[in-house]
$ cat coords_23.cif   # mmCIF, C-alpha atoms
data_protein
loop_
_atom_site.label_atom_id
_atom_site.label_comp_id
_atom_site.auth_asym_id
_atom_site.auth_seq_id
_atom_site.Cartn_x
_atom_site.Cartn_y
_atom_site.Cartn_z
CA MET A 1405 14.33 -17.14 19.10
CA ASP A 1406 11.69 -19.76 18.57
CA ALA A 1407 12.70 -21.33 15.25
CA ARG A 1408 9.44 -23.16 14.73
CA ARG A 1409 7.39 -19.99 15.00
CA ASP A 1410 9.65 -18.27 12.49
CA SER A 1411 9.62 -20.90 9.77
CA GLU A 1412 6.02 -22.08 9.70
CA PRO A 1413 4.15 -19.01 8.50
CA THR A 1414 6.83 -17.92 6.02
CA ALA A 1415 6.62 -21.20 4.12
CA MET A 1416 3.05 -20.33 3.12
CA LYS A 1417 3.31 -16.59 2.87
CA ASN A 1418 2.95 -14.79 -0.45
CA ARG A 1419 4.41 -11.40 -1.17
CA THR A 1420 2.37 -8.20 -1.07
CA THR A 1421 3.54 -5.57 -3.54
CA VAL A 1422 2.52 -1.93 -3.76
CA GLU A 1423 3.24 0.30 -6.69
CA ARG A 1424 2.35 3.90 -7.33
CA LYS A 1425 1.30 3.59 -10.96
CA SER A 1426 0.76 7.31 -11.45
CA GLU A 1427 0.18 10.43 -9.40
CA ARG A 1428 -3.38 9.32 -8.72
CA GLU A 1429 -3.14 5.52 -8.68
CA LEU A 1430 -1.94 2.88 -6.28
CA VAL A 1431 -1.86 -0.82 -7.10
CA VAL A 1432 -1.56 -3.57 -4.48
CA THR A 1433 -1.07 -7.22 -5.53
CA ARG A 1434 -1.06 -10.47 -3.59
CA THR A 1435 -1.57 -14.17 -4.41
CA PHE A 1436 -3.74 -16.39 -2.21
CA ASN A 1437 -3.48 -20.18 -2.06
CA ALA A 1438 -7.15 -20.74 -2.77
CA PRO A 1439 -9.59 -20.64 -5.68
CA ALA A 1440 -11.13 -17.26 -6.58
CA ARG A 1441 -14.58 -18.19 -5.27
CA ILE A 1442 -13.16 -18.57 -1.75
CA VAL A 1443 -11.15 -15.34 -1.80
CA PHE A 1444 -14.14 -13.50 -3.28
CA GLU A 1445 -16.35 -14.86 -0.51
CA ALA A 1446 -13.98 -13.46 2.12
CA TRP A 1447 -14.31 -10.01 0.51
CA THR A 1448 -18.07 -10.01 0.15
CA LYS A 1449 -19.46 -11.54 3.34
CA PRO A 1450 -19.40 -9.04 6.22
CA GLU A 1451 -18.95 -11.74 8.86
CA LEU A 1452 -15.79 -12.86 7.02
CA LEU A 1453 -14.44 -9.44 6.06
CA ARG A 1454 -14.57 -8.25 9.64
CA GLN A 1455 -12.26 -11.11 10.62
CA TRP A 1456 -9.39 -9.72 8.55
CA TRP A 1457 -9.99 -6.12 7.44
CA VAL A 1458 -8.70 -4.67 10.70
CA PRO A 1459 -5.73 -6.79 11.75
CA LYS A 1460 -5.68 -7.21 15.52
CA SER A 1461 -2.28 -5.56 15.50
CA MET A 1462 -3.77 -2.35 14.10
CA GLY A 1463 -5.01 -1.34 17.53
CA MET A 1464 -8.38 -0.44 16.07
CA SER A 1465 -11.58 -2.33 16.44
CA LEU A 1466 -14.41 -2.71 14.01
CA LEU A 1467 -17.64 -1.71 15.74
CA SER A 1468 -19.93 -2.56 12.87
CA CYS A 1469 -19.70 -3.78 9.32
CA GLU A 1470 -22.65 -3.60 6.97
CA MET A 1471 -22.26 -4.57 3.34
CA ASP A 1472 -24.96 -4.83 0.71
CA VAL A 1473 -22.80 -6.35 -2.00
CA ARG A 1474 -24.69 -5.71 -5.23
CA VAL A 1475 -24.53 -2.95 -7.83
CA GLY A 1476 -25.79 0.25 -6.16
CA GLY A 1477 -25.63 -1.40 -2.71
CA LYS A 1478 -24.01 0.47 0.18
CA TYR A 1479 -21.40 -0.48 2.71
CA ARG A 1480 -20.61 1.10 6.05
CA LEU A 1481 -17.74 0.27 8.42
CA GLU A 1482 -17.40 1.87 11.83
CA PHE A 1483 -14.08 1.82 13.63
CA ALA A 1484 -13.00 2.76 17.10
CA TYR A 1485 -9.46 3.50 18.26
CA GLY A 1486 -8.96 4.80 21.73
CA ASP A 1487 -11.69 7.33 22.34
CA SER A 1488 -12.22 8.30 18.74
CA GLN A 1489 -14.40 6.77 16.06
CA SER A 1490 -14.45 6.91 12.32
CA THR A 1491 -16.83 5.69 9.67
CA PHE A 1492 -16.04 4.56 6.16
CA PHE A 1493 -18.83 4.21 3.65
CA GLY A 1494 -19.56 4.07 -0.03
CA THR A 1495 -21.37 2.31 -2.88
CA TYR A 1496 -20.65 -0.86 -4.84
CA LYS A 1497 -20.44 0.05 -8.53
CA GLU A 1498 -19.65 -3.36 -9.98
CA VAL A 1499 -20.07 -6.82 -8.53
CA THR A 1500 -19.01 -9.71 -10.77
CA PRO A 1501 -18.92 -12.91 -8.71
CA HIS A 1502 -15.47 -14.39 -8.22
CA SER A 1503 -13.74 -11.91 -10.51
CA ARG A 1504 -14.36 -8.19 -9.91
CA LEU A 1505 -15.53 -5.67 -7.32
CA VAL A 1506 -15.65 -1.89 -7.69
CA TRP A 1507 -16.69 0.49 -4.94
CA THR A 1508 -16.50 4.17 -4.09
CA ASN A 1509 -15.18 5.67 -0.86
CA GLU A 1510 -17.55 8.47 0.01
CA GLU A 1511 -16.42 9.52 3.49
CA SER A 1512 -14.58 12.47 1.93
CA ASP A 1513 -14.88 14.50 -1.28
CA GLU A 1514 -11.41 13.28 -2.13
CA GLY A 1515 -12.32 9.59 -1.77
CA SER A 1516 -10.89 7.00 -4.14
CA VAL A 1517 -12.56 4.44 -6.36
CA THR A 1518 -11.35 0.95 -5.49
CA THR A 1519 -11.29 -1.89 -8.01
CA VAL A 1520 -10.42 -5.40 -6.89
CA THR A 1521 -9.91 -8.19 -9.41
CA PHE A 1522 -9.54 -11.89 -8.63
CA GLU A 1523 -7.72 -13.98 -11.22
CA GLU A 1524 -7.58 -17.72 -10.66
CA LYS A 1525 -4.68 -19.76 -11.99
CA GLY A 1526 -3.88 -23.34 -11.02
CA GLY A 1527 -6.02 -23.23 -7.90
CA LYS A 1528 -4.42 -19.98 -6.70
CA THR A 1529 -5.81 -16.48 -6.94
CA LEU A 1530 -3.95 -13.35 -7.95
CA LEU A 1531 -5.64 -10.39 -6.30
CA VAL A 1532 -5.07 -6.91 -7.71
CA LEU A 1533 -6.40 -3.93 -5.78
CA HIS A 1534 -6.39 -0.68 -7.69
CA GLU A 1535 -7.14 2.67 -6.07
CA LEU A 1536 -7.83 5.71 -8.21
CA TYR A 1537 -7.85 9.05 -6.39
CA PRO A 1538 -9.43 12.26 -7.73
CA SER A 1539 -6.14 14.12 -7.32
CA LYS A 1540 -2.50 13.60 -6.51
CA GLU A 1541 -2.97 15.49 -3.22
CA ALA A 1542 -5.72 13.11 -2.14
CA LEU A 1543 -3.46 10.10 -2.68
CA ASP A 1544 -0.54 11.73 -0.84
CA ALA A 1545 -2.84 12.49 2.09
CA ALA A 1546 -4.24 8.94 2.15
CA GLY A 1547 -0.73 7.55 2.21
CA THR A 1548 0.28 9.80 5.06
CA GLY A 1549 -2.80 8.70 7.00
CA ALA A 1550 -1.97 5.04 6.49
CA ALA A 1551 1.59 5.72 7.51
CA ASP A 1552 0.45 7.31 10.78
CA VAL A 1553 -1.76 4.33 11.54
CA MET A 1554 1.05 1.91 10.79
CA VAL A 1555 3.53 3.45 13.18
CA GLU A 1556 0.98 2.79 15.92
CA THR A 1557 0.20 -0.63 14.52
CA PHE A 1558 3.72 -1.92 14.67
CA ALA A 1559 4.17 -0.81 18.22
CA GLN A 1560 1.06 -2.83 19.08
CA LEU A 1561 2.16 -5.78 16.98
CA ASP A 1562 5.42 -5.89 18.89
CA GLU A 1563 3.50 -6.01 22.14
CA LEU A 1564 1.22 -8.71 20.85
CA LEU A 1565 4.14 -10.85 19.70
CA VAL A 1566 5.76 -10.55 23.10
CA THR A 1567 2.47 -11.64 24.74
CA LEU A 1568 2.08 -14.51 22.29
CA GLY A 1569 5.68 -15.57 22.73
CA ALA A 1570 5.19 -15.60 26.48
CA SER A 1571 2.00 -17.67 26.32
CA VAL A 1572 3.52 -20.16 23.84
CA GLY A 1573 6.44 -20.56 26.17
CA ARG A 1574 4.13 -21.36 29.07
CA SER A 1575 1.86 -23.91 27.40
CA MET B 143 5.43 17.26 10.96
CA VAL B 144 2.72 15.71 8.82
CA GLN B 145 2.40 18.92 6.83
CA TYR B 146 6.15 18.96 6.32
CA MET B 147 6.13 15.34 5.18
CA ARG B 148 3.32 16.07 2.75
CA ALA B 149 5.10 19.06 1.27
CA ARG B 150 8.23 16.98 0.82
CA LEU B 151 6.32 14.14 -0.78
CA ASP B 152 4.49 16.52 -3.14
CA ALA B 153 7.83 17.88 -4.26
CA SER B 154 9.29 14.38 -4.67
CA PHE B 155 6.41 13.05 -6.72
CA ALA B 156 6.32 16.18 -8.89
CA ALA B 157 10.05 15.86 -9.48
CA LEU B 158 9.73 12.19 -10.41
CA SER B 159 6.82 12.72 -12.81
CA ASP B 160 9.20 13.89 -15.55
CA ALA B 161 11.13 11.39 -17.69
CA THR B 162 14.19 13.63 -18.11
CA ARG B 163 14.45 14.16 -14.38
CA ARG B 164 14.16 10.42 -13.74
CA GLY B 165 16.94 9.97 -16.31
CA VAL B 166 19.09 12.54 -14.52
CA LEU B 167 18.62 10.66 -11.23
CA GLU B 168 19.59 7.43 -12.96
CA GLN B 169 22.74 8.98 -14.38
CA LEU B 170 23.66 10.55 -11.04
CA GLY B 171 23.12 7.13 -9.47
CA ARG B 172 26.06 5.90 -11.58
CA SER B 173 28.30 8.92 -10.95
CA ASP B 174 28.25 12.60 -10.05
CA ALA B 175 28.09 14.96 -13.01
CA SER B 176 28.27 18.64 -13.83
CA ILE B 177 25.24 20.47 -15.21
CA THR B 178 27.12 20.87 -18.50
CA THR B 179 27.66 17.08 -18.76
CA LEU B 180 24.01 16.43 -17.92
CA ALA B 181 22.83 18.99 -20.51
CA GLU B 182 24.96 17.26 -23.14
CA SER B 183 23.76 13.74 -22.27
CA PHE B 184 20.14 14.79 -22.49
CA HIS B 185 20.64 17.03 -25.54
CA MET B 186 19.40 20.08 -23.71
CA THR B 187 20.41 23.67 -23.25
CA LEU B 188 22.27 24.58 -20.09
CA THR B 189 19.30 26.69 -18.96
CA GLY B 190 16.86 23.81 -19.51
CA MET B 191 18.99 21.41 -17.47
CA LYS B 192 19.47 23.98 -14.73
CA LYS B 193 15.69 24.13 -14.36
CA HIS B 194 15.36 20.36 -14.06
CA VAL B 195 18.19 20.17 -11.54
CA GLY B 196 16.53 22.98 -9.60
CA VAL B 197 13.29 20.97 -9.30
CA LEU B 198 15.22 17.88 -8.16
CA GLU B 199 17.19 19.95 -5.70
CA GLN B 200 14.04 21.48 -4.23
CA ALA B 201 12.63 17.98 -3.69
CA GLY B 202 15.79 16.96 -1.88
CA LEU B 203 16.54 14.35 -4.53
CA VAL B 204 19.73 16.04 -5.74
CA THR B 205 22.35 18.22 -4.11
CA THR B 206 24.68 20.54 -6.01
CA GLU B 207 28.00 22.07 -5.16
CA LYS B 208 29.86 24.75 -7.03
CA VAL B 209 33.60 24.32 -7.25
CA GLY B 210 35.25 27.06 -9.26
CA ARG B 211 33.10 27.54 -12.33
CA VAL B 212 31.66 24.04 -12.35
CA ARG B 213 28.45 23.07 -10.54
CA THR B 214 28.54 19.35 -9.69
CA CYS B 215 25.32 17.43 -9.03
CA LYS B 216 25.02 14.35 -6.89
CA LEU B 217 22.20 12.19 -5.64
CA GLY B 218 20.55 13.40 -2.45
CA LEU B 219 19.30 10.10 -1.11
CA ARG B 220 17.09 11.44 1.61
CA GLY B 221 14.13 12.26 -0.58
CA LEU B 222 14.15 8.90 -2.30
CA GLU B 223 14.32 7.07 0.99
CA GLU B 224 11.35 9.03 2.28
CA GLU B 225 9.27 8.11 -0.72
CA ALA B 226 10.30 4.47 -0.52
CA ALA B 227 9.38 4.51 3.17
CA TRP B 228 5.94 5.92 2.35
CA ILE B 229 5.24 3.08 -0.09
CA GLU B 230 6.70 0.52 2.32
CA ARG B 231 4.42 1.60 5.16
CA TYR B 232 1.41 1.36 2.88
CA ARG B 233 2.58 -2.10 1.80
CA GLN B 234 2.89 -3.22 5.41
CA LEU B 235 -0.70 -2.14 6.10
CA TRP B 236 -1.97 -4.36 3.30
CA ASP B 237 0.45 -7.14 4.15
CA ALA B 238 -0.88 -7.27 7.72
CA ARG B 239 -4.43 -7.37 6.39
CA PHE B 240 -3.65 -10.09 3.88
CA ASP B 241 -1.98 -12.25 6.52
CA GLU B 242 -5.29 -12.21 8.36
CA LEU B 243 -7.15 -12.87 5.10
CA ASP B 244 -4.92 -15.94 4.56
CA LYS B 245 -6.26 -17.36 7.81
CA VAL B 246 -9.88 -16.75 6.79
CA VAL B 247 -9.23 -18.34 3.39
CA GLU B 248 -7.59 -21.41 4.97
CA GLU B 249 -10.58 -21.79 7.27
CA LEU B 250 -13.00 -21.57 4.32
CA LYS B 251 -10.97 -24.17 2.40
CA ARG B 252 -11.03 -26.49 5.39
CA LYS B 253 -14.80 -26.11 5.77
CA GLU B 254 -15.35 -26.71 2.07
CA LYS B 255 -13.38 -29.96 2.32
CA ILE B 256 -15.44 -31.18 5.28
CA ASP B 257 -18.74 -30.21 3.59
CA GLY B 258 -17.63 -31.95 0.39
CA ARG B 259 -16.92 -35.15 2.33
CA LYS B 260 -20.30 -35.01 4.02
CA LYS B 261 -22.12 -34.72 0.69
CA ARG B 262 -20.39 -37.77 -0.75
#
$ encode --input "coords_23.cif" --output "structure tokens"
Amino acid sequence: MDARRDSEPTAMKNRTTVERKSERELVVTRTFNAPARIVFEAWTKPELLRQWWVPKSMGMSLLSCEMDVRVGGKYRLEFAYGDSQSTFFGTYKEVTPHSRLVWTNEESDEGSVTTVTFEEKGGKTLLVLHELYPSKEALDAAGTGAADVMVETFAQLDELLVTLGASVGRS
Amino acid sequence: MVQYMRARLDASFAALSDATRRGVLEQLGRSDASITTLAESFHMTLTGMKKHVGVLEQAGLVTTEKVGRVRTCKLGLRGLEEEAAWIERYRQLWDARFDELDKVVEELKRKEKIDGRKKR
């Protein structure tokens, strides 16, 4: 194993936690080593969001990303994976610079409401993403969907790492 | 397969939504127990406890075995592992995303530093 490649990213990496707060709620938390204004910027500028929202390893590509980040503004993200396409869209309900974003997910009747808060402390930002689903069934289904995607994702990530490892070895 | 998973998860989450049933799982985590013992620890009737154990059993969280006149309950780990795996996969999705976000954030920080120097 390449020891250098192993140790470098982990030194910086913060933990992502996920908790099912209730039958209808999921909470994801993560700290970022940057002030809230920077993290907020990465969530609200489409040219930045598209750089991270679909990790390369996910095997999906983002075809388009439109975001009108203001109260009542719409967003629309189009993905492609293999031959199929899917579109995610909704409306921003709250936009408080550097501290809070709330949007709806309207692609299905069972879509969640997502609230993201950014809390700055000592130059770092604690991000809390809260998803509220209309029913327990909707959340279970969303989780299963994510799980299906992830199985594919990790297979692709493995491939990518092998490719990267090979190219690092060569250079 | 997906339908099966969903049905299992529904049963697991329903089973875990009750405080008594979570308590029963906790107690069974320490040691196996008969329904009579469980009913006593939770100050419940035998019938009430049987119902709770039934729900846990249906969800695959508990298994029971009758030896003579005593029905012994023990933890059925499979269901719990499945639920933990569900959460873990969801966590990995966000973790992968946030690793990419880290890179974007680092880039923004770097740019801000350069811009700041230029202004001065």
$ interface_residues --input "coords_23.cif" --of "chain A" --to "chain B" --cutoff "6 Å" --atoms "only C-alpha atoms" --output "PyMOL selection string"
chain A and resi 1420+1422+1456-1457+1459+1551
$ atom_distance --input "coords_23.cif" --atom1 "CA of Val1458 (chain A)" --atom2 "CA of Phe1492 (chain A)"
12.6 Å
$ resolve_selection --input "coords_23.cif" --expression "the PyMOL selection byres ((chain A and resi 1517) around 9)" --output "PyMOL selection string"
chain A and resi 1506-1509+1515-1516+1518-1519+1534-1538
$ resolve_selection --input "coords_23.cif" --expression "the PyMOL selection byres ((chain A and resi 1521) around 9)" --output "VMD selection string"
chain A and resid 1502 to 1506 1519 to 1520 1522 to 1523 1530 to 1534
$ residues_around --input "coords_23.cif" --residues "Leu217 (chain B)" --least-positions-apart "4" --cutoff "7 Å" --atoms "all atoms listed in the file" --output "PDB file with C-alpha atoms, keeping the file's coordinate frame"
ATOM      1  CA  LEU B 167      18.620  10.660 -11.230  1.00  0.00           C
ATOM      2  CA  LEU B 170      23.660  10.550 -11.040  1.00  0.00           C
ATOM      3  CA  GLY B 171      23.120   7.130  -9.470  1.00  0.00           C
ATOM      4  CA  LEU B 203      16.540  14.350  -4.530  1.00  0.00           C
ATOM      5  CA  VAL B 204      19.730  16.040  -5.740  1.00  0.00           C
ATOM      6  CA  THR B 205      22.350  18.220  -4.110  1.00  0.00           C
TER       7      THR B 205
END
$ atom_distance --input "coords_23.cif" --atom1 "CA of Thr1421 (chain A)" --atom2 "CA of Thr1433 (chain A)"
5.3 Å
$ residues_around --input "coords_23.cif" --residues "Glu1482 (chain A)" --least-positions-apart "2" --cutoff "12 Å" --atoms "all atoms listed in the file" --output "list of chain:residue names"
A:Arg1454, A:Trp1457, A:Val1458, A:Met1464, A:Ser1465, A:Leu1466, A:Leu1467, A:Ser1468, A:Cys1469, A:Glu1470, A:Met1471, A:Tyr1479, A:Arg1480, A:Ala1484, A:Tyr1485, A:Ser1488, A:Gln1489, A:Ser1490, A:Thr1491, A:Phe1492, A:Phe1493, A:Glu1511
$ atom_distance --input "coords_23.cif" --atom1 "CA of Thr189 (chain B)" --atom2 "CA of Thr206 (chain B)"
15.3 Å
$ axis_aligned_box --input "coords_23.cif" --around "region 240-257 of chain B" --padding-each-side "5 Å" --output "JSON"
{"center_x": -10.4, "center_y": -20.6, "center_z": 5.2, "size_x": 26.8, "size_y": 31.1, "size_z": 16.3}
$ residues_around --input "coords_23.cif" --residues "Val1473 (chain A)" --least-positions-apart "6" --cutoff "8 Å" --atoms "all atoms listed in the file" --output "number ranges by chain"
A: 1448, 1479, 1496, 1499
$ write_last_selection --input "coords_23.cif" --atoms "C-alpha atoms" --output "PDB file, in the frame of the given file"
ATOM      1  CA  THR A1448     -18.070 -10.010   0.150  1.00  0.00           C
ATOM      2  CA  TYR A1479     -21.400  -0.480   2.710  1.00  0.00           C
ATOM      3  CA  TYR A1496     -20.650  -0.860  -4.840  1.00  0.00           C
ATOM      4  CA  VAL A1499     -20.070  -6.820  -8.530  1.00  0.00           C
TER       5      VAL A1499
END
$ resolve_selection --input "coords_23.cif" --expression "the PyMOL selection byres ((chain A and resi 1438) around 10)" --output "NGL selection string"
(:A and (1435-1437 or 1439-1443 or 1524-1530)) or (:B and (244 or 247-248 or 250-251))
$ decode --input "coords_23.cif" --residues "region 1457-1485 of chain A" --atoms "N, CA and C atoms" --output "PDB file, in the first residue's frame"
ATOM      1  N   TRP A1457     -21.596  17.884  -5.652  1.00  0.00           N
ATOM      2  CA  TRP A1457     -22.874  17.240  -5.320  1.00  0.00           C
ATOM      3  C   TRP A1457     -22.950  15.800  -5.819  1.00  0.00           C
ATOM      4  N   VAL A1458     -22.353  15.551  -6.967  1.00  0.00           N
ATOM      5  CA  VAL A1458     -22.328  14.195  -7.515  1.00  0.00           C
ATOM      6  C   VAL A1458     -20.872  13.743  -7.547  1.00  0.00           C
ATOM      7  N   PRO A1459     -20.424  13.085  -6.472  1.00  0.00           N
ATOM      8  CA  PRO A1459     -19.026  12.646  -6.443  1.00  0.00           C
ATOM      9  C   PRO A1459     -18.727  11.824  -7.691  1.00  0.00           C
ATOM     10  N   LYS A1460     -17.543  12.004  -8.220  1.00  0.00           N
ATOM     11  CA  LYS A1460     -17.165  11.297  -9.454  1.00  0.00           C
ATOM     12  C   LYS A1460     -17.401   9.805  -9.311  1.00  0.00           C
ATOM     13  N   SER A1461     -17.178   9.329  -8.089  1.00  0.00           N
ATOM     14  CA  SER A1461     -17.302   7.895  -7.823  1.00  0.00           C
ATOM     15  C   SER A1461     -18.734   7.388  -7.945  1.00  0.00           C
ATOM     16  N   MET A1462     -19.699   8.316  -7.965  1.00  0.00           N
ATOM     17  CA  MET A1462     -21.106   7.910  -7.963  1.00  0.00           C
ATOM     18  C   MET A1462     -21.524   7.299  -9.298  1.00  0.00           C
ATOM     19  N   GLY A1463     -20.732   7.523 -10.322  1.00  0.00           N
ATOM     20  CA  GLY A1463     -21.052   6.930 -11.614  1.00  0.00           C
ATOM     21  C   GLY A1463     -22.189   7.647 -12.313  1.00  0.00           C
ATOM     22  N   MET A1464     -22.584   8.786 -11.755  1.00  0.00           N
ATOM     23  CA  MET A1464     -23.637   9.574 -12.385  1.00  0.00           C
ATOM     24  C   MET A1464     -22.980  10.857 -12.845  1.00  0.00           C
ATOM     25  N   SER A1465     -23.605  11.502 -13.825  1.00  0.00           N
ATOM     26  CA  SER A1465     -23.083  12.818 -14.163  1.00  0.00           C
ATOM     27  C   SER A1465     -24.199  13.838 -14.103  1.00  0.00           C
ATOM     28  N   LEU A1466     -23.825  15.029 -13.776  1.00  0.00           N
ATOM     29  CA  LEU A1466     -24.771  16.121 -13.654  1.00  0.00           C
ATOM     30  C   LEU A1466     -24.827  16.800 -15.017  1.00  0.00           C
ATOM     31  N   LEU A1467     -25.994  16.739 -15.663  1.00  0.00           N
ATOM     32  CA  LEU A1467     -26.123  17.329 -16.992  1.00  0.00           C
ATOM     33  C   LEU A1467     -26.326  18.828 -16.898  1.00  0.00           C
ATOM     34  N   SER A1468     -27.168  19.223 -15.933  1.00  0.00           N
ATOM     35  CA  SER A1468     -27.386  20.651 -15.753  1.00  0.00           C
ATOM     36  C   SER A1468     -27.721  20.945 -14.305  1.00  0.00           C
ATOM     37  N   CYS A1469     -27.464  22.155 -13.908  1.00  0.00           N
ATOM     38  CA  CYS A1469     -27.680  22.554 -12.518  1.00  0.00           C
ATOM     39  C   CYS A1469     -28.081  24.024 -12.518  1.00  0.00           C
ATOM     40  N   GLU A1470     -29.370  24.252 -12.280  1.00  0.00           N
ATOM     41  CA  GLU A1470     -29.861  25.628 -12.228  1.00  0.00           C
ATOM     42  C   GLU A1470     -30.368  25.900 -10.827  1.00  0.00           C
ATOM     43  N   MET A1471     -29.934  26.990 -10.239  1.00  0.00           N
ATOM     44  CA  MET A1471     -30.342  27.311  -8.878  1.00  0.00           C
ATOM     45  C   MET A1471     -30.604  28.805  -8.756  1.00  0.00           C
ATOM     46  N   ASP A1472     -31.810  29.137  -8.371  1.00  0.00           N
ATOM     47  CA  ASP A1472     -32.164  30.540  -8.147  1.00  0.00           C
ATOM     48  C   ASP A1472     -32.318  30.671  -6.633  1.00  0.00           C
ATOM     49  N   VAL A1473     -31.169  30.885  -5.974  1.00  0.00           N
ATOM     50  CA  VAL A1473     -31.153  30.802  -4.509  1.00  0.00           C
ATOM     51  C   VAL A1473     -31.688  32.086  -3.865  1.00  0.00           C
ATOM     52  N   ARG A1474     -32.985  32.143  -3.728  1.00  0.00           N
ATOM     53  CA  ARG A1474     -33.679  33.200  -2.974  1.00  0.00           C
ATOM     54  C   ARG A1474     -35.040  32.637  -2.605  1.00  0.00           C
ATOM     55  N   VAL A1475     -35.684  33.231  -1.620  1.00  0.00           N
ATOM     56  CA  VAL A1475     -36.963  32.695  -1.154  1.00  0.00           C
ATOM     57  C   VAL A1475     -37.938  32.644  -2.332  1.00  0.00           C
ATOM     58  N   GLY A1476     -38.521  31.477  -2.570  1.00  0.00           N
ATOM     59  CA  GLY A1476     -39.451  31.295  -3.693  1.00  0.00           C
ATOM     60  C   GLY A1476     -38.748  30.916  -4.989  1.00  0.00           C
ATOM     61  N   GLY A1477     -37.413  30.990  -5.005  1.00  0.00           N
ATOM     62  CA  GLY A1477     -36.646  30.634  -6.204  1.00  0.00           C
ATOM     63  C   GLY A1477     -36.633  29.127  -6.411  1.00  0.00           C
ATOM     64  N   LYS A1478     -36.438  28.708  -7.655  1.00  0.00           N
ATOM     65  CA  LYS A1478     -36.465  27.276  -7.977  1.00  0.00           C
ATOM     66  C   LYS A1478     -35.059  26.739  -8.216  1.00  0.00           C
ATOM     67  N   TYR A1479     -34.934  25.436  -8.044  1.00  0.00           N
ATOM     68  CA  TYR A1479     -33.705  24.783  -8.493  1.00  0.00           C
ATOM     69  C   TYR A1479     -34.097  23.585  -9.333  1.00  0.00           C
ATOM     70  N   ARG A1480     -33.171  23.165 -10.180  1.00  0.00           N
ATOM     71  CA  ARG A1480     -33.414  22.019 -11.049  1.00  0.00           C
ATOM     72  C   ARG A1480     -32.087  21.367 -11.390  1.00  0.00           C
ATOM     73  N   LEU A1481     -31.951  20.081 -11.039  1.00  0.00           N
ATOM     74  CA  LEU A1481     -30.725  19.334 -11.312  1.00  0.00           C
ATOM     75  C   LEU A1481     -31.060  18.133 -12.177  1.00  0.00           C
ATOM     76  N   GLU A1482     -30.352  18.010 -13.291  1.00  0.00           N
ATOM     77  CA  GLU A1482     -30.588  16.868 -14.175  1.00  0.00           C
ATOM     78  C   GLU A1482     -29.382  15.942 -14.164  1.00  0.00           C
ATOM     79  N   PHE A1483     -29.665  14.666 -13.911  1.00  0.00           N
ATOM     80  CA  PHE A1483     -28.603  13.665 -13.832  1.00  0.00           C
ATOM     81  C   PHE A1483     -28.735  12.651 -14.952  1.00  0.00           C
ATOM     82  N   ALA A1484     -27.603  12.090 -15.314  1.00  0.00           N
ATOM     83  CA  ALA A1484     -27.626  10.960 -16.235  1.00  0.00           C
ATOM     84  C   ALA A1484     -26.798   9.841 -15.625  1.00  0.00           C
ATOM     85  N   TYR A1485     -27.289   8.615 -15.717  1.00  0.00           N
ATOM     86  CA  TYR A1485     -26.480   7.447 -15.370  1.00  0.00           C
ATOM     87  C   TYR A1485     -26.812   6.356 -16.379  1.00  0.00           C
TER      88      TYR A1485
END
